[in-house]
Every structure is written in C-alpha cells, then in structure tokens.
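Dropping structure_7.csv in here (CSV, C-alpha atoms):
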chain,number,residue,atom,x,y,z
A,1436,MET,CA,-63.6,23.3,-91.5
A,1437,ALA,CA,-60.5,22.0,-89.7
A,1438,ASP,CA,-62.7,20.2,-87.2
A,1439,LEU,CA,-64.5,18.5,-90.1
A,1440,TRP,CA,-61.2,17.1,-91.5
A,1441,GLN,CA,-60.2,15.9,-88.1
A,1442,ASP,CA,-63.4,14.0,-87.8
A,1443,ALA,CA,-62.7,12.6,-91.2
A,1444,MET,CA,-59.2,11.6,-90.2
A,1445,ASP,CA,-60.5,9.9,-87.0
A,1446,HIS,CA,-62.9,8.0,-89.2
A,1447,ALA,CA,-60.1,7.0,-91.6
A,1448,VAL,CA,-58.0,5.6,-88.7
A,1449,ALA,CA,-61.0,3.6,-87.3
A,1450,ILE,CA,-62.0,2.1,-90.6
A,1451,ALA,CA,-58.4,1.3,-91.6
A,1452,ARG,CA,-58.0,-0.6,-88.3
A,1453,LYS,CA,-61.3,-2.5,-89.0
A,1454,ALA,CA,-60.2,-3.2,-92.6
A,1455,GLY,CA,-56.8,-4.4,-91.3
A,1456,ALA,CA,-58.5,-6.9,-89.0
A,1457,VAL,CA,-60.4,-8.4,-92.0
A,1458,ILE,CA,-57.2,-8.7,-93.9
A,1459,ARG,CA,-55.5,-10.5,-91.0
A,1460,ASP,CA,-58.4,-12.9,-90.7
A,1461,HIS,CA,-58.3,-13.7,-94.5
A,1462,LEU,CA,-54.6,-14.5,-94.3
A,1463,GLN,CA,-55.4,-17.7,-92.7
A,1464,GLY,CA,-57.8,-19.0,-95.4
A,1465,GLU,CA,-57.9,-20.1,-99.0
A,1466,MET,CA,-57.5,-17.3,-101.6
A,1467,THR,CA,-59.0,-16.8,-105.0
A,1468,VAL,CA,-56.4,-14.9,-107.1
A,1469,MET,CA,-57.3,-13.0,-110.3
A,1470,CYS,CA,-55.2,-11.0,-112.7
A,1471,LYS,CA,-55.8,-7.4,-113.8
A,1472,SER,CA,-53.5,-5.6,-116.2
A,1473,SER,CA,-50.8,-8.3,-116.3
A,1474,PRO,CA,-50.0,-11.8,-114.9
A,1475,ALA,CA,-48.2,-10.1,-112.0
A,1476,ASP,CA,-51.0,-7.4,-111.4
A,1477,LEU,CA,-53.1,-9.4,-108.9
A,1478,VAL,CA,-56.3,-9.0,-107.0
A,1479,THR,CA,-58.1,-11.2,-104.5
A,1480,ALA,CA,-61.7,-11.3,-103.1
A,1481,THR,CA,-60.2,-9.7,-100.0
A,1482,ASP,CA,-59.1,-6.6,-101.9
A,1483,GLN,CA,-62.6,-6.2,-103.2
A,1484,LYS,CA,-64.4,-6.9,-99.9
A,1485,VAL,CA,-62.2,-4.5,-97.9
A,1486,GLU,CA,-62.7,-1.7,-100.4
A,1487,GLU,CA,-66.5,-2.2,-100.3
A,1488,LEU,CA,-66.3,-2.1,-96.4
A,1489,ILE,CA,-64.3,1.1,-96.4
A,1490,MET,CA,-66.3,2.9,-99.1
A,1491,ALA,CA,-69.7,2.0,-97.5
A,1492,SER,CA,-68.5,3.3,-94.2
A,1493,ILE,CA,-67.3,6.6,-95.7
A,1494,MET,CA,-70.4,7.2,-97.8
A,1495,GLU,CA,-72.6,6.6,-94.7
A,1496,LYS,CA,-70.8,9.2,-92.7
A,1497,PHE,CA,-69.8,11.6,-95.5
A,1498,PRO,CA,-72.3,11.2,-98.3
A,1499,THR,CA,-71.3,14.3,-100.2
A,1500,HIS,CA,-67.7,13.3,-100.5
A,1501,SER,CA,-66.0,11.7,-103.6
A,1502,LEU,CA,-64.2,8.4,-103.7
A,1503,ILE,CA,-61.3,7.0,-105.7
A,1504,GLY,CA,-60.6,3.3,-105.0
A,1505,GLU,CA,-58.2,0.9,-106.6
A,1506,GLU,CA,-60.7,-1.9,-107.3
A,1507,SER,CA,-63.5,0.5,-108.3
A,1508,VAL,CA,-61.2,2.1,-110.9
A,1509,SER,CA,-60.1,-1.3,-112.2
A,1510,ALA,CA,-63.8,-2.1,-112.6
A,1511,GLY,CA,-64.3,1.0,-114.8
A,1512,GLN,CA,-65.0,3.8,-112.4
A,1513,PRO,CA,-63.4,7.2,-113.3
A,1514,CYS,CA,-60.2,8.2,-111.6
A,1515,ILE,CA,-60.7,12.0,-111.5
A,1516,LEU,CA,-59.5,14.2,-108.7
A,1517,THR,CA,-61.8,17.3,-108.3
A,1518,ASP,CA,-62.0,20.1,-105.8
A,1519,ASN,CA,-64.6,18.1,-103.8
A,1520,PRO,CA,-63.4,16.4,-100.6
A,1521,THR,CA,-62.0,13.1,-102.0
A,1522,TRP,CA,-61.0,9.9,-100.3
A,1523,ILE,CA,-58.2,8.0,-102.2
A,1524,ILE,CA,-58.2,4.4,-101.1
A,1525,ASP,CA,-56.0,1.4,-101.6
A,1526,PRO,CA,-57.8,-1.3,-99.6
A,1527,LEU,CA,-54.9,-3.7,-99.6
A,1528,ASP,CA,-51.5,-2.4,-100.7
A,1529,GLY,CA,-49.2,-5.3,-101.2
A,1530,THR,CA,-51.6,-7.8,-102.7
A,1531,THR,CA,-48.8,-10.1,-104.0
A,1532,ASN,CA,-47.3,-10.0,-100.4
A,1533,PHE,CA,-50.7,-10.9,-99.1
A,1534,ILE,CA,-51.1,-13.9,-101.4
A,1535,HIS,CA,-47.7,-15.2,-100.4
A,1536,ARG,CA,-48.2,-14.2,-96.7
A,1537,PHE,CA,-45.1,-12.0,-97.0
A,1538,PRO,CA,-45.6,-9.7,-94.0
A,1539,PHE,CA,-45.9,-6.2,-95.5
A,1540,VAL,CA,-49.5,-5.4,-96.3
A,1541,ALA,CA,-51.3,-2.1,-95.7
A,1542,VAL,CA,-54.5,-0.2,-95.9
A,1543,SER,CA,-53.9,3.2,-97.4
A,1544,ILE,CA,-56.4,6.1,-97.2
A,1545,GLY,CA,-55.5,9.6,-98.4
A,1546,PHE,CA,-57.9,12.6,-98.3
A,1547,ALA,CA,-57.7,15.6,-100.6
A,1548,VAL,CA,-59.7,18.9,-100.7
A,1549,ASN,CA,-59.3,21.3,-103.6
A,1550,LYS,CA,-56.9,18.8,-105.1
A,1551,GLU,CA,-54.6,19.3,-102.1
A,1552,LEU,CA,-53.8,16.4,-99.7
A,1553,GLU,CA,-55.0,17.1,-96.2
A,1554,PHE,CA,-54.3,13.8,-94.4
A,1555,GLY,CA,-53.1,10.3,-94.9
A,1556,VAL,CA,-53.5,7.1,-92.9
A,1557,VAL,CA,-51.5,3.9,-93.6
A,1558,TYR,CA,-52.2,0.8,-91.5
A,1559,SER,CA,-49.5,-1.8,-91.8
A,1560,CYS,CA,-51.9,-4.4,-90.5
A,1561,ILE,CA,-49.6,-7.4,-90.0
A,1562,GLU,CA,-47.1,-5.3,-88.0
A,1563,ASP,CA,-50.0,-3.5,-86.3
A,1564,LYS,CA,-48.4,-0.1,-87.1
A,1565,MET,CA,-50.8,2.8,-87.7
A,1566,TYR,CA,-49.1,5.7,-89.6
A,1567,THR,CA,-50.8,9.0,-89.8
A,1568,GLY,CA,-50.1,12.4,-91.1
A,1569,LYS,CA,-52.1,15.6,-91.2
A,1570,ARG,CA,-51.2,18.8,-93.1
A,1571,GLY,CA,-49.3,21.1,-90.7
A,1572,LYS,CA,-49.7,18.8,-87.7
A,1573,GLY,CA,-46.9,16.3,-88.1
A,1574,ALA,CA,-46.7,12.5,-88.8
A,1575,PHE,CA,-46.9,9.7,-86.3
A,1576,CYS,CA,-46.6,5.9,-85.9
A,1577,ASN,CA,-48.7,4.4,-83.1
A,1578,GLY,CA,-48.8,7.9,-81.6
A,1579,LYS,CA,-45.0,8.4,-81.7
A,1580,GLN,CA,-43.9,11.4,-83.9
A,1581,LEU,CA,-41.9,10.5,-87.0
A,1582,GLN,CA,-38.9,12.3,-88.4
A,1583,VAL,CA,-37.0,11.5,-91.6
A,1584,SER,CA,-33.3,10.5,-91.4
A,1585,GLY,CA,-30.7,13.3,-91.1
A,1586,GLN,CA,-28.3,11.4,-93.4
A,1587,THR,CA,-27.3,13.8,-96.2
A,1588,ASP,CA,-24.5,11.6,-97.8
A,1589,ILE,CA,-26.1,9.6,-100.6
A,1590,LYS,CA,-23.2,7.1,-100.3
A,1591,GLN,CA,-24.4,6.3,-96.8
A,1592,SER,CA,-28.1,6.0,-97.8
A,1593,LEU,CA,-30.5,3.1,-98.0
A,1594,ILE,CA,-32.9,3.4,-101.0
A,1595,ILE,CA,-36.2,1.7,-101.6
A,1596,THR,CA,-37.9,0.9,-104.9
A,1597,GLU,CA,-40.1,-1.7,-106.5
A,1598,LEU,CA,-39.9,-3.9,-109.6
A,1599,GLY,CA,-43.6,-3.2,-110.5
A,1600,SER,CA,-46.2,-5.4,-112.1
A,1601,SER,CA,-45.2,-4.9,-115.8
A,1602,ARG,CA,-43.4,-7.8,-117.4
A,1603,ASP,CA,-42.7,-5.8,-120.6
A,1604,ALA,CA,-39.0,-6.4,-121.4
A,1605,GLU,CA,-38.3,-2.7,-122.2
A,1606,VAL,CA,-39.9,-1.5,-118.9
A,1607,VAL,CA,-38.0,-4.1,-116.9
A,1608,ARG,CA,-34.8,-3.0,-118.6
A,1609,HIS,CA,-35.4,0.6,-117.5
A,1610,ILE,CA,-36.1,-0.5,-114.0
A,1611,PHE,CA,-33.0,-2.5,-113.6
A,1612,SER,CA,-30.8,0.1,-115.3
A,1613,SER,CA,-32.0,2.7,-112.8
A,1614,MET,CA,-31.4,0.3,-109.9
A,1615,GLN,CA,-27.9,-0.4,-111.2
A,1616,LYS,CA,-27.0,3.2,-111.6
A,1617,ILE,CA,-28.2,4.1,-108.1
A,1618,LEU,CA,-26.6,1.1,-106.5
A,1619,CYS,CA,-23.3,2.0,-108.1
A,1620,ILE,CA,-23.3,5.7,-106.9
A,1621,PRO,CA,-22.6,3.7,-104.6
A,1622,VAL,CA,-25.3,3.6,-101.9
A,1623,HIS,CA,-25.5,1.3,-98.9
A,1624,GLY,CA,-28.2,-0.8,-100.5
A,1625,ILE,CA,-31.6,-1.0,-102.2
A,1626,ARG,CA,-34.7,-2.7,-100.7
A,1627,CYS,CA,-38.1,-3.7,-102.0
A,1628,ALA,CA,-40.8,-4.2,-99.3
A,1629,GLY,CA,-43.6,-4.8,-101.8
A,1630,SER,CA,-45.9,-2.0,-100.7
A,1631,ALA,CA,-45.6,1.6,-101.9
A,1632,ALA,CA,-47.5,2.9,-98.8
A,1633,ILE,CA,-45.2,1.1,-96.4
A,1634,ASN,CA,-42.1,2.1,-98.4
A,1635,MET,CA,-43.1,5.8,-97.9
A,1636,CYS,CA,-43.7,5.3,-94.2
A,1637,LEU,CA,-40.3,3.7,-93.9
A,1638,VAL,CA,-38.8,6.9,-95.4
A,1639,ALA,CA,-40.9,9.0,-93.0
A,1640,ALA,CA,-39.7,6.9,-90.0
A,1641,GLY,CA,-36.0,7.4,-91.0
A,1642,ALA,CA,-35.4,3.7,-91.8
A,1643,ALA,CA,-34.4,4.6,-95.4
A,1644,GLU,CA,-33.4,7.8,-97.1
A,1645,ALA,CA,-35.5,7.6,-100.2
A,1646,TYR,CA,-38.1,5.7,-102.2
A,1647,TYR,CA,-38.7,6.1,-105.9
A,1648,GLU,CA,-40.9,4.3,-108.4
A,1649,ILE,CA,-42.6,4.6,-111.8
A,1650,GLY,CA,-45.8,2.8,-112.5
A,1651,ILE,CA,-47.5,3.2,-109.1
A,1652,HIS,CA,-51.0,4.8,-108.8
A,1653,CYS,CA,-52.5,7.7,-106.8
A,1654,TRP,CA,-54.0,5.3,-104.3
A,1655,ASP,CA,-50.6,3.8,-103.6
A,1656,ILE,CA,-49.0,7.1,-102.6
A,1657,SER,CA,-51.6,9.7,-101.6
A,1658,ALA,CA,-51.6,8.8,-97.9
A,1659,GLY,CA,-47.8,8.2,-97.8
A,1660,ALA,CA,-47.1,11.5,-99.4
A,1661,VAL,CA,-48.7,13.4,-96.5
A,1662,ILE,CA,-46.8,11.2,-94.0
A,1663,VAL,CA,-43.5,11.8,-95.6
A,1664,SER,CA,-44.0,15.6,-95.9
A,1665,GLU,CA,-45.1,15.9,-92.3
A,1666,ALA,CA,-42.1,13.9,-91.2
A,1667,GLY,CA,-39.9,16.6,-92.8
A,1668,GLY,CA,-39.3,14.8,-96.1
A,1669,VAL,CA,-39.6,16.0,-99.7
A,1670,LEU,CA,-41.6,14.8,-102.7
A,1671,MET,CA,-40.8,15.2,-106.3
A,1672,ASP,CA,-41.3,13.8,-109.8
A,1673,VAL,CA,-38.7,11.3,-111.1
A,1674,GLU,CA,-37.4,14.0,-113.5
A,1675,GLY,CA,-37.1,16.6,-110.8
A,1676,GLY,CA,-40.3,18.6,-111.0
A,1677,PRO,CA,-43.1,18.8,-108.4
A,1678,LEU,CA,-45.0,15.6,-107.5
A,1679,ASP,CA,-48.1,15.1,-109.7
A,1680,LEU,CA,-50.3,12.6,-107.9
A,1681,MET,CA,-51.9,11.3,-111.1
A,1682,SER,CA,-48.6,10.9,-113.0
A,1683,ARG,CA,-47.8,7.5,-111.6
A,1684,ARG,CA,-44.2,8.6,-110.7
A,1685,VAL,CA,-42.8,9.5,-107.4
A,1686,VAL,CA,-39.6,10.2,-105.5
A,1687,ALA,CA,-40.0,10.6,-101.7
A,1688,ALA,CA,-36.8,11.4,-99.8
A,1689,ASN,CA,-35.5,12.7,-96.5
A,1690,SER,CA,-34.0,15.8,-98.2
A,1691,LYS,CA,-33.9,17.7,-101.5
A,1692,SER,CA,-30.2,16.8,-102.0
A,1693,VAL,CA,-30.8,13.1,-101.7
A,1694,ALA,CA,-33.9,13.2,-104.0
A,1695,GLU,CA,-32.1,15.3,-106.6
A,1696,ARG,CA,-29.1,12.9,-106.6
A,1697,ILE,CA,-31.4,9.9,-107.2
A,1698,VAL,CA,-33.2,11.7,-110.0
A,1699,LYS,CA,-30.0,12.0,-111.9
A,1700,GLU,CA,-29.8,8.3,-112.2
A,1701,ILE,CA,-33.4,7.3,-112.9
A,1702,GLU,CA,-34.3,6.2,-116.5
A,1703,ALA,CA,-37.8,7.5,-116.9
A,1704,PHE,CA,-40.2,5.6,-119.1
A,1705,PRO,CA,-43.8,6.2,-120.1
A,1706,ALA,CA,-46.7,5.3,-117.7
A,1707,GLU,CA,-50.2,6.2,-118.6
A,1708,ARG,CA,-51.7,8.7,-116.2
A,1709,ASP,CA,-54.3,7.7,-113.7
A,1710,ASP,CA,-56.6,10.5,-114.9
A,1711,VAL,CA,-56.0,9.8,-118.6
A,1712,SER,CA,-59.7,9.4,-119.3
A,1713,GLU,CA,-63.1,9.6,-117.6
A,1714,ALA,CA,-63.5,5.9,-118.4
A,1715,GLY,CA,-61.0,5.1,-115.7
A,1716,SER,CA,-58.6,3.4,-118.0
A,1717,ALA,CA,-55.7,3.7,-115.5
Mind turning the file's structure into structure tokens?
Amino acid sequence: MADLWQDAMDHAVAIARKAGAVIRDHLQGEMTVMCKSSPADLVTATDQKVEELIMASIMEKFPTHSLIGEESVSAGQPCILTDNPTWIIDPLDGTTNFIHRFPFVAVSIGFAVNKELEFGVVYSCIEDKMYTGKRGKGAFCNGKQLQVSGQTDIKQSLIITELGSSRDAEVVRHIFSSMQKILCIPVHGIRCAGSAAINMCLVAAGAAEAYYEIGIHCWDISAGAVIVSEAGGVLMDVEGGPLDLMSRRVVAANSKSVAERIVKEIEAFPAERDDVSEAGSA
C-alpha cells in the first residue's frame, strides 16, 4: 500500500508541475474574472481549466479515488471527506495574486486515506519551488529537506495571516482585532503572502514562526498541513484543539508554545464548515 501512495505522490508532483506551467502561460494573457461568494472571492477561467486538467489526469490513473476540488465544490459538488483515497485540490491558490500578477501563486494537492492526510504537494509556480511532504518521510523544497524555525520566543517571531475574502464589517473587525493583539505582544511583524498553501510552506521552511487564519478551506491547507508537520511543526485549531480539516480554521506553527501563545490572542468568529451539507454549500 505504501508503494501505491508513493506512485500517487509522484503523479501529484508531475501534474502540479504541468498545471503550474499552464498558470505561468496564462499570466501573460487577458483574464476573465468572475466573483463567487463575495466581490473579493474571485475565480478565473484559468482556475477552472487547471482543475479540469488535474482531475482528468488523476481519474485516468486512479479511477476509484475520490476528488474534492475548489471549483467543483463552488459549482455544487459535495465536499465530503470519506475513508476512500481522496485528492483535495486547489488548482490555483492565490487567485487574487494571479489576477494582479503578484508573484505568489500555487497549485496545492493533498491526499488523504481513511480521513488521514498521507502526502501534500504545493508548487509555487512563479518561484518554481516544489514543496512536498509525505507522512513519516519528511518535507522538502526542490529536493532540500525542510525544518521549521527553532525560535521559541514569540517576541522574536514573524507571523503570517490573511485578511480573507469576506467584506462583512464584523468579520473584518475580528480579523484586525486579532492582528492588533498579536502584533502588540509584540512580535517582529505580520505578513500576508496571499496564498494559504505558500504561507504554510514558509512556516515549514523556517521563514516564519506561524500562520493562522479563519475562513480558509480544506483545499487551501490540506497539502500544507502535511508539509508543516513533516518539517517538525505543529497544527491546531484557533481555539487550541486539534486541527479539523473541514472547520475552515487553522494555526500552523514551528512549536506548540508559539501556537498556543497566538491562540490566546485570536478572536474566533463563525465560519460555515466545508462539509456542512452534501449539497456542497461551502
């Protein structure tokens, strides 16, 4: 069975690289931009084309596996994680970055069996950085092993978060309140790269001590979760419990102490679960 998952991982790397080449090509042309859940929740024809490319390739090679894809769920497909081998796909993480040609865009492919993540692949395609992590086998970037930062002092830490796509005033208030509290611990700084997958890889690479966010989706973080864990990091919920992939909440950090210190300052707010209904209303 382990050989099968390695074969699947090798395929994920190959198809992520192919998808990344399509994204780079499309950066040069005109873009048709559409809105999903809010005026800031954007999608392009490239997102849709790349997801179709990835899914068709997976289904041809692994026809019995299940698929969860961002654009498919947006179109009404269910977002249900079962025990069946399941690919969790964000074809273009950082769509707003892509539209503005801000250079942090990634293909993210996570893979779970029995509801447990087995491997993750994140291809930061403009940087040409291929991040990979496999359960029990470590995490790597372009073949070089990753290790989280050894910094244990929160006051000497760099933290990553995002502002999200909601423009609801109350949600925005919670987001900025959390940022203010964390910034005033004080920490060295707060950064937003515009891609949850890349944010998690930056934690895995030791470039930042932690990343937190409420409102992301399972396809944003499934691959990055494996990469962070395999680089020696920790994952938890924004209120301190274990990470629930479908909860749309995450803290990824270099250590439990840093994660727990951030959790103390986060103002949690409601976010509808990804698996809230079989109608895929996430």
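Nearest to Val1556 (chain A) of all the residues A:Glu1465, A:Glu1674, A:Glu1695, A:Asp1525 is A:Asp1525, counting all atoms listed in the file.
CA of Gln1483 (chain A) sits 24.2 Å away from CA of Ser1682 (chain A).
When all atoms listed in the file are used to measure the gap to Asn1634 (chain A), the shortest distance among A:Met1444, A:Ala1658, A:Thr1479, A:Lys1699 belongs to A:Ala1658.
Our summary of the geometry notes that CA of Leu1477 (chain A) is positioned 22.9 Å from CA of Ile1515 (chain A).
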- Message: Report as a PyMOL selection string all protein, DNA and RNA residues lying within 9 Å of Phe1575 (chain A), evaluated on all atoms listed in the file, omitting residues in the same chain fewer than 6 positions from it.
- Response: chain A and resi 1565-1568+1581-1582+1640+1662+1665-1666
- Smallest atom-to-atom distance to Asp1528 (chain A): which of A:Ser1690, A:Ser1492, A:Ser1543, A:Ser1592, using all atoms listed in the file? A:Ser1543
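Distances to Leu1488 (chain A) were evaluated for A:Asp1460, A:Ala1454, A:Lys1550, A:Glu1644 using all atoms listed in the file, and the minimum falls at A:Ala1454.
When CA of Gly1624 (chain A) is paired with CA of Asp1563 (chain A), their separation reads 26.2 Å.
Closest approach to Val1685 (chain A) among A:Ala1706, A:Ala1632, A:Ile1656, A:Val1661: A:Ile1656, based on only C-alpha atoms.
For the choices A:Leu1593, A:Leu1439, A:Ile1625, A:Ala1642, the atom-to-atom distance to Phe1497 (chain A) is smallest for A:Leu1439 when using only C-alpha atoms.
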For region 1607-1613 of chain A, what centre and edge lengths in Å (one decimal) does the axis-aligned box get once 3 Å is added on each side of all its listed atoms, as JSON?
{"center_x": -34.4, "center_y": -0.7, "center_z": -115.7, "size_x": 13.2, "size_y": 12.8, "size_z": 11.8}
List every protein, DNA or RNA residue that has at least one atom no more than 12 Å from (-47.9, -11.5, -100.4) in the file's coordinates, counting all atoms listed in the file, and write the result as a PDB file with C-alpha atoms, keeping the file's coordinate frame.
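Output file out.pdb is given in full below:
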ATOM      1  CA  ILE A1458     -57.200  -8.700 -93.900  1.00  0.00           C
ATOM      2  CA  LEU A1462     -54.600 -14.500 -94.300  1.00  0.00           C
ATOM      3  CA  MET A1466     -57.500 -17.300-101.600  1.00  0.00           C
ATOM      4  CA  VAL A1468     -56.400 -14.900-107.100  1.00  0.00           C
ATOM      5  CA  ALA A1475     -48.200 -10.100-112.000  1.00  0.00           C
ATOM      6  CA  LEU A1477     -53.100  -9.400-108.900  1.00  0.00           C
ATOM      7  CA  VAL A1478     -56.300  -9.000-107.000  1.00  0.00           C
ATOM      8  CA  THR A1479     -58.100 -11.200-104.500  1.00  0.00           C
ATOM      9  CA  LEU A1527     -54.900  -3.700 -99.600  1.00  0.00           C
ATOM     10  CA  ASP A1528     -51.500  -2.400-100.700  1.00  0.00           C
ATOM     11  CA  GLY A1529     -49.200  -5.300-101.200  1.00  0.00           C
ATOM     12  CA  THR A1530     -51.600  -7.800-102.700  1.00  0.00           C
ATOM     13  CA  THR A1531     -48.800 -10.100-104.000  1.00  0.00           C
ATOM     14  CA  ASN A1532     -47.300 -10.000-100.400  1.00  0.00           C
ATOM     15  CA  PHE A1533     -50.700 -10.900 -99.100  1.00  0.00           C
ATOM     16  CA  ILE A1534     -51.100 -13.900-101.400  1.00  0.00           C
ATOM     17  CA  HIS A1535     -47.700 -15.200-100.400  1.00  0.00           C
ATOM     18  CA  ARG A1536     -48.200 -14.200 -96.700  1.00  0.00           C
ATOM     19  CA  PHE A1537     -45.100 -12.000 -97.000  1.00  0.00           C
ATOM     20  CA  PRO A1538     -45.600  -9.700 -94.000  1.00  0.00           C
ATOM     21  CA  PHE A1539     -45.900  -6.200 -95.500  1.00  0.00           C
ATOM     22  CA  VAL A1540     -49.500  -5.400 -96.300  1.00  0.00           C
ATOM     23  CA  ALA A1541     -51.300  -2.100 -95.700  1.00  0.00           C
ATOM     24  CA  ILE A1561     -49.600  -7.400 -90.000  1.00  0.00           C
ATOM     25  CA  ALA A1628     -40.800  -4.200 -99.300  1.00  0.00           C
ATOM     26  CA  GLY A1629     -43.600  -4.800-101.800  1.00  0.00           C
ATOM     27  CA  SER A1630     -45.900  -2.000-100.700  1.00  0.00           C
TER      28      SER A1630
END
